[in-house]
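A short write-up of the structure that comes next.
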Amino acid sequence: MIETLPNEEYLQEILDFAKKLALKAGDRALEMRDGGLTQNYKESVELVTSADLEVSDLIRDAIQETYPNHAFLTEESEGAAAARPDLTGPTWIIDPIDGTVGYARGHFQFCISIAFCMNGQIQVGVVYCPALDEIFTGVKNGGSFLNGKSIQVSGTEVLENSLVATGFPHGWEGIDRLVARLGEVRKRCRDIRRSGSCAFDLCWVACGRIDAYYEEDLKAWDLSAGKLIAIEAGAKYGFFDENKRNELSEIRGYANLSANPHVYPEMMAILQVNDAS
């Protein structure tokens, strides 16, 4: 297959492929959960199920068969944590099951997350929530959609009326600082939500179900698809601390904030002050 620049026709092809793949992967994840899962832990703290591995292989194999010259980064790839893609060429960034802990316990807040990157930017994002049968999509400069219908961020104008989502790392390092930051946010917003899935939270910012989402320690596969979907739905997106891991800004996982434009400035001010204290 001859590669082309990411024009509208090419990105539509990628989007259609990614949607079909996400739906297939989501169906398989549900089937495997109903049939029982085996479970292990990465680095003694991060849960990995048999479904994470099989769904990762399913997605990877389909991409390699259809686009053999494309690169990919998936959470379950060997050496994924150390990989630093430059995104210049066609690159897929995948979380086969984002929200594994909840998924394994029968929760609905888990997602299949597939992003396509090229020319240094995220071009296409697809996030499928199988338990809700909701598929979120976004194309750069093309808007965001939920089950084919256009979506926009909320119109909530002040933080005190806002629902804010966040997340925590798998280990305990820095937990006191994270809880202190959460307390400062909670004092000023309507309430806090935690789904356990970055992709889920970013898509809920995109469709207005929550007003802001922040998290300190994310990975490229957690955020790439949801980030594009949120931005294309009108969210502001930025970082509340220094780029301490020297990551590529397009897929940077450290200190992320996404929010509707009204509450974004106040959220950013709270998070930055709290980090400085």
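Labels used: A, B, ... for chains in the order of the structure tokens, numbers from 1 for residues in each chain, and numbers from 1 for ligands as shown.
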
Next on the checklist: I need the residues of range 156-269 of chain A that end up classed as helix (DSSP H, G or I) by DSSP on the backbone, written out as a PyMOL selection string.
Outcome noted: chain A and resi 159-161+175-188+198-206+220-232+249-251+264-269

Saved selection, atoms kept: N, CA and C atoms, as a compact mmCIF listing (two decimals), in the first residue's frame:
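Written output follows (result-v5.txt):
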# COMPACT_ATOMS: atom_id res chain seq x y z
N LEU A 159 -16.14 27.30 37.77
CA LEU A 159 -15.65 26.05 38.34
C LEU A 159 -16.52 25.56 39.47
N GLU A 160 -17.11 26.45 40.23
CA GLU A 160 -17.91 26.02 41.37
C GLU A 160 -19.13 25.20 40.96
N ASN A 161 -19.52 25.27 39.70
CA ASN A 161 -20.63 24.45 39.20
C ASN A 161 -20.15 23.26 38.37
N ILE A 175 1.66 10.13 46.68
CA ILE A 175 0.21 10.14 46.89
C ILE A 175 -0.23 11.29 47.80
N ASP A 176 0.57 11.65 48.80
CA ASP A 176 0.18 12.74 49.69
C ASP A 176 0.06 14.05 48.91
N ARG A 177 0.99 14.29 48.01
CA ARG A 177 0.95 15.50 47.18
C ARG A 177 -0.28 15.49 46.26
N LEU A 178 -0.57 14.32 45.68
CA LEU A 178 -1.72 14.21 44.78
C LEU A 178 -3.04 14.44 45.53
N VAL A 179 -3.12 13.90 46.74
CA VAL A 179 -4.34 14.07 47.53
C VAL A 179 -4.49 15.52 47.98
N ALA A 180 -3.39 16.18 48.32
CA ALA A 180 -3.44 17.60 48.69
C ALA A 180 -3.94 18.43 47.51
N ARG A 181 -3.45 18.15 46.31
CA ARG A 181 -3.90 18.86 45.12
C ARG A 181 -5.40 18.62 44.89
N LEU A 182 -5.82 17.37 45.05
CA LEU A 182 -7.23 17.04 44.89
C LEU A 182 -8.09 17.83 45.87
N GLY A 183 -7.61 17.99 47.09
CA GLY A 183 -8.36 18.75 48.08
C GLY A 183 -8.56 20.20 47.66
N GLU A 184 -7.52 20.80 47.07
CA GLU A 184 -7.65 22.19 46.61
C GLU A 184 -8.67 22.31 45.48
N VAL A 185 -8.68 21.33 44.58
CA VAL A 185 -9.67 21.35 43.50
C VAL A 185 -11.06 21.15 44.06
N ARG A 186 -11.20 20.19 44.98
CA ARG A 186 -12.54 19.87 45.52
C ARG A 186 -13.15 21.05 46.25
N LYS A 187 -12.34 21.89 46.87
CA LYS A 187 -12.86 23.05 47.58
C LYS A 187 -13.56 24.03 46.65
N ARG A 188 -13.21 23.98 45.36
CA ARG A 188 -13.67 25.02 44.43
C ARG A 188 -14.63 24.52 43.35
N CYS A 198 -8.34 7.17 31.54
CA CYS A 198 -8.05 8.48 30.96
C CYS A 198 -8.85 8.71 29.69
N ALA A 199 -8.88 7.72 28.80
CA ALA A 199 -9.62 7.86 27.54
C ALA A 199 -11.09 8.15 27.80
N PHE A 200 -11.66 7.45 28.77
CA PHE A 200 -13.06 7.64 29.15
C PHE A 200 -13.28 9.08 29.62
N ASP A 201 -12.41 9.56 30.50
CA ASP A 201 -12.59 10.91 31.05
C ASP A 201 -12.45 11.98 29.98
N LEU A 202 -11.46 11.84 29.10
CA LEU A 202 -11.28 12.84 28.04
C LEU A 202 -12.50 12.88 27.12
N CYS A 203 -13.07 11.73 26.82
CA CYS A 203 -14.26 11.71 25.97
C CYS A 203 -15.46 12.30 26.69
N TRP A 204 -15.52 12.15 27.99
CA TRP A 204 -16.63 12.76 28.74
C TRP A 204 -16.45 14.27 28.86
N VAL A 205 -15.22 14.76 28.85
CA VAL A 205 -15.02 16.20 28.69
C VAL A 205 -15.54 16.63 27.32
N ALA A 206 -15.21 15.85 26.30
CA ALA A 206 -15.58 16.19 24.93
C ALA A 206 -17.09 16.32 24.74
N ALA A 220 1.41 7.77 26.70
CA ALA A 220 0.90 8.13 25.37
C ALA A 220 -0.32 7.33 24.99
N TRP A 221 -0.34 6.05 25.31
CA TRP A 221 -1.48 5.21 24.93
C TRP A 221 -2.73 5.53 25.74
N ASP A 222 -2.57 6.08 26.94
CA ASP A 222 -3.73 6.48 27.72
C ASP A 222 -4.48 7.64 27.06
N LEU A 223 -3.73 8.60 26.55
CA LEU A 223 -4.31 9.90 26.26
C LEU A 223 -4.47 10.25 24.79
N SER A 224 -3.73 9.62 23.87
CA SER A 224 -3.62 10.17 22.51
C SER A 224 -4.95 10.30 21.79
N ALA A 225 -5.74 9.24 21.76
CA ALA A 225 -7.03 9.31 21.05
C ALA A 225 -7.98 10.28 21.75
N GLY A 226 -8.10 10.17 23.06
CA GLY A 226 -9.01 11.03 23.80
C GLY A 226 -8.63 12.49 23.75
N LYS A 227 -7.33 12.77 23.72
CA LYS A 227 -6.87 14.15 23.65
C LYS A 227 -7.39 14.82 22.38
N LEU A 228 -7.22 14.16 21.24
CA LEU A 228 -7.70 14.73 19.98
C LEU A 228 -9.21 14.92 20.01
N ILE A 229 -9.93 13.93 20.52
CA ILE A 229 -11.39 14.02 20.58
C ILE A 229 -11.83 15.19 21.43
N ALA A 230 -11.17 15.39 22.58
CA ALA A 230 -11.53 16.51 23.44
C ALA A 230 -11.24 17.85 22.77
N ILE A 231 -10.07 17.98 22.17
CA ILE A 231 -9.70 19.24 21.53
C ILE A 231 -10.64 19.56 20.37
N GLU A 232 -10.95 18.55 19.57
CA GLU A 232 -11.83 18.78 18.43
C GLU A 232 -13.26 19.09 18.86
N SER A 249 5.69 16.84 23.02
CA SER A 249 4.53 17.55 23.56
C SER A 249 3.20 16.98 23.05
N GLU A 250 3.17 16.48 21.83
CA GLU A 250 1.91 15.99 21.26
C GLU A 250 1.35 14.81 22.05
N ILE A 251 2.23 13.99 22.62
CA ILE A 251 1.77 12.82 23.37
C ILE A 251 2.34 12.83 24.79
N TYR A 264 -11.22 26.26 32.33
CA TYR A 264 -9.80 25.91 32.16
C TYR A 264 -8.86 26.88 32.90
N PRO A 265 -9.01 28.19 32.77
CA PRO A 265 -8.05 29.09 33.43
C PRO A 265 -8.03 28.93 34.95
N GLU A 266 -9.19 28.78 35.57
CA GLU A 266 -9.22 28.63 37.03
C GLU A 266 -8.63 27.29 37.44
N MET A 267 -8.93 26.23 36.70
CA MET A 267 -8.33 24.94 37.00
C MET A 267 -6.81 25.01 36.89
N MET A 268 -6.32 25.61 35.84
CA MET A 268 -4.88 25.72 35.65
C MET A 268 -4.23 26.50 36.80
N ALA A 269 -4.85 27.58 37.22
CA ALA A 269 -4.30 28.38 38.30
C ALA A 269 -4.23 27.59 39.61

Next on the checklist: Let's see if you can do this: from backbone DSSP, list all strand (DSSP E or B) residues in range 82-115 of chain A, as JSON, numbers by chain.
Outcome noted: {"A": [91, 92, 93, 94, 95, 96, 97, 98, 111, 112, 113, 114, 115]}

For those residues, write N, CA and C atoms to a file as a tab-separated table (two decimals), in the first residue's frame.
chain	number	residue	atom	x	y	z
A	91	THR	N	2.00	6.33	12.52
A	91	THR	CA	2.21	5.62	13.80
A	91	THR	C	0.87	5.46	14.51
A	92	TRP	N	0.60	4.25	14.96
A	92	TRP	CA	-0.60	3.95	15.73
A	92	TRP	C	-0.23	3.85	17.21
A	93	ILE	N	-1.00	4.51	18.06
A	93	ILE	CA	-0.79	4.45	19.51
A	93	ILE	C	-2.05	3.87	20.13
A	94	ILE	N	-1.90	2.75	20.84
A	94	ILE	CA	-3.05	1.93	21.20
A	94	ILE	C	-3.03	1.57	22.68
A	95	ASP	N	-4.16	1.71	23.32
A	95	ASP	CA	-4.38	1.08	24.62
A	95	ASP	C	-5.48	0.05	24.41
A	96	PRO	N	-5.16	-1.23	24.43
A	96	PRO	CA	-6.17	-2.25	24.12
A	96	PRO	C	-7.34	-2.25	25.09
A	97	ILE	N	-7.05	-2.02	26.37
A	97	ILE	CA	-8.11	-1.84	27.36
A	97	ILE	C	-7.63	-0.78	28.34
A	98	ASP	N	-8.16	0.42	28.23
A	98	ASP	CA	-7.82	1.49	29.16
A	98	ASP	C	-8.83	1.45	30.30
A	111	CYS	N	-12.24	1.36	28.07
A	111	CYS	CA	-12.29	1.76	26.66
A	111	CYS	C	-11.23	1.04	25.84
A	112	ILE	N	-11.51	0.92	24.56
A	112	ILE	CA	-10.51	0.61	23.56
A	112	ILE	C	-10.08	1.94	22.97
A	113	SER	N	-8.79	2.25	23.01
A	113	SER	CA	-8.30	3.55	22.57
A	113	SER	C	-7.31	3.37	21.42
A	114	ILE	N	-7.62	3.97	20.26
A	114	ILE	CA	-6.78	3.84	19.07
A	114	ILE	C	-6.54	5.23	18.49
A	115	ALA	N	-5.28	5.61	18.41
A	115	ALA	CA	-4.92	6.90	17.80
A	115	ALA	C	-3.99	6.67	16.61

Checklist entry - For Gly125 in chain A, which residue among A:Gly174, A:Gly138, A:Gly238, A:Gly89 is the nearest when counting only C-alpha atoms? => result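 With only C-alpha atoms as the atom set, the closest residue is A:Gly138.
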
Next on the checklist: Just checking: using only C-alpha atoms, which residue out of A:Thr137, A:Thr74, A:Gln272, A:Thr156 ends up closest to Leu15 in chain A?
Outcome noted: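 When distances to Leu15 in chain A are compared using only C-alpha atoms, the smallest one comes from A:Thr137.
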
Checklist entry - Which of these residues is nearest to Lys19 in chain A, using only C-alpha atoms: A:Gly253, A:Gly148, A:Gly208, A:Gly234? => result A:Gly148

Next on the checklist: I'd like the contact shell of Tyr213 in chain A - 6 Å cut-off, only C-alpha atoms, skipping same-chain residues fewer than 5 positions apart - returned as a count of residues only.
Outcome noted: 5

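For the choices A:Asn7, A:Gln123, A:Ser162, A:Asn246, the atom-to-atom distance to Gly143 in chain A is smallest for A:Gln123 when using only C-alpha atoms.
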
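With CA of Asp191 in chain A on one side and CA of Asp211 in chain A on the other, the separation reads 10.5 Å.
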
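The smallest atom-to-atom distance between Leu58 in chain A and any of A:Leu21, A:Ala212, A:Pro6, A:Lys236, using only C-alpha atoms, is found for A:Leu21.
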
Checklist entry - Which is closer to Ser144 in chain A than all the others in A:Ala233, A:Ile192, A:Phe72, A:Gly167, using only C-alpha atoms? => result A:Ala233

Checklist entry - CA of Cys189 in chain A and CA of Asn243 in chain A are how many Å apart? => result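 That distance, rounded to one decimal, is 26.5 Å.
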
Checklist entry - CA of Thr49 in chain A and CA of Leu37 in chain A are how many Å apart? => result 6.3 Å
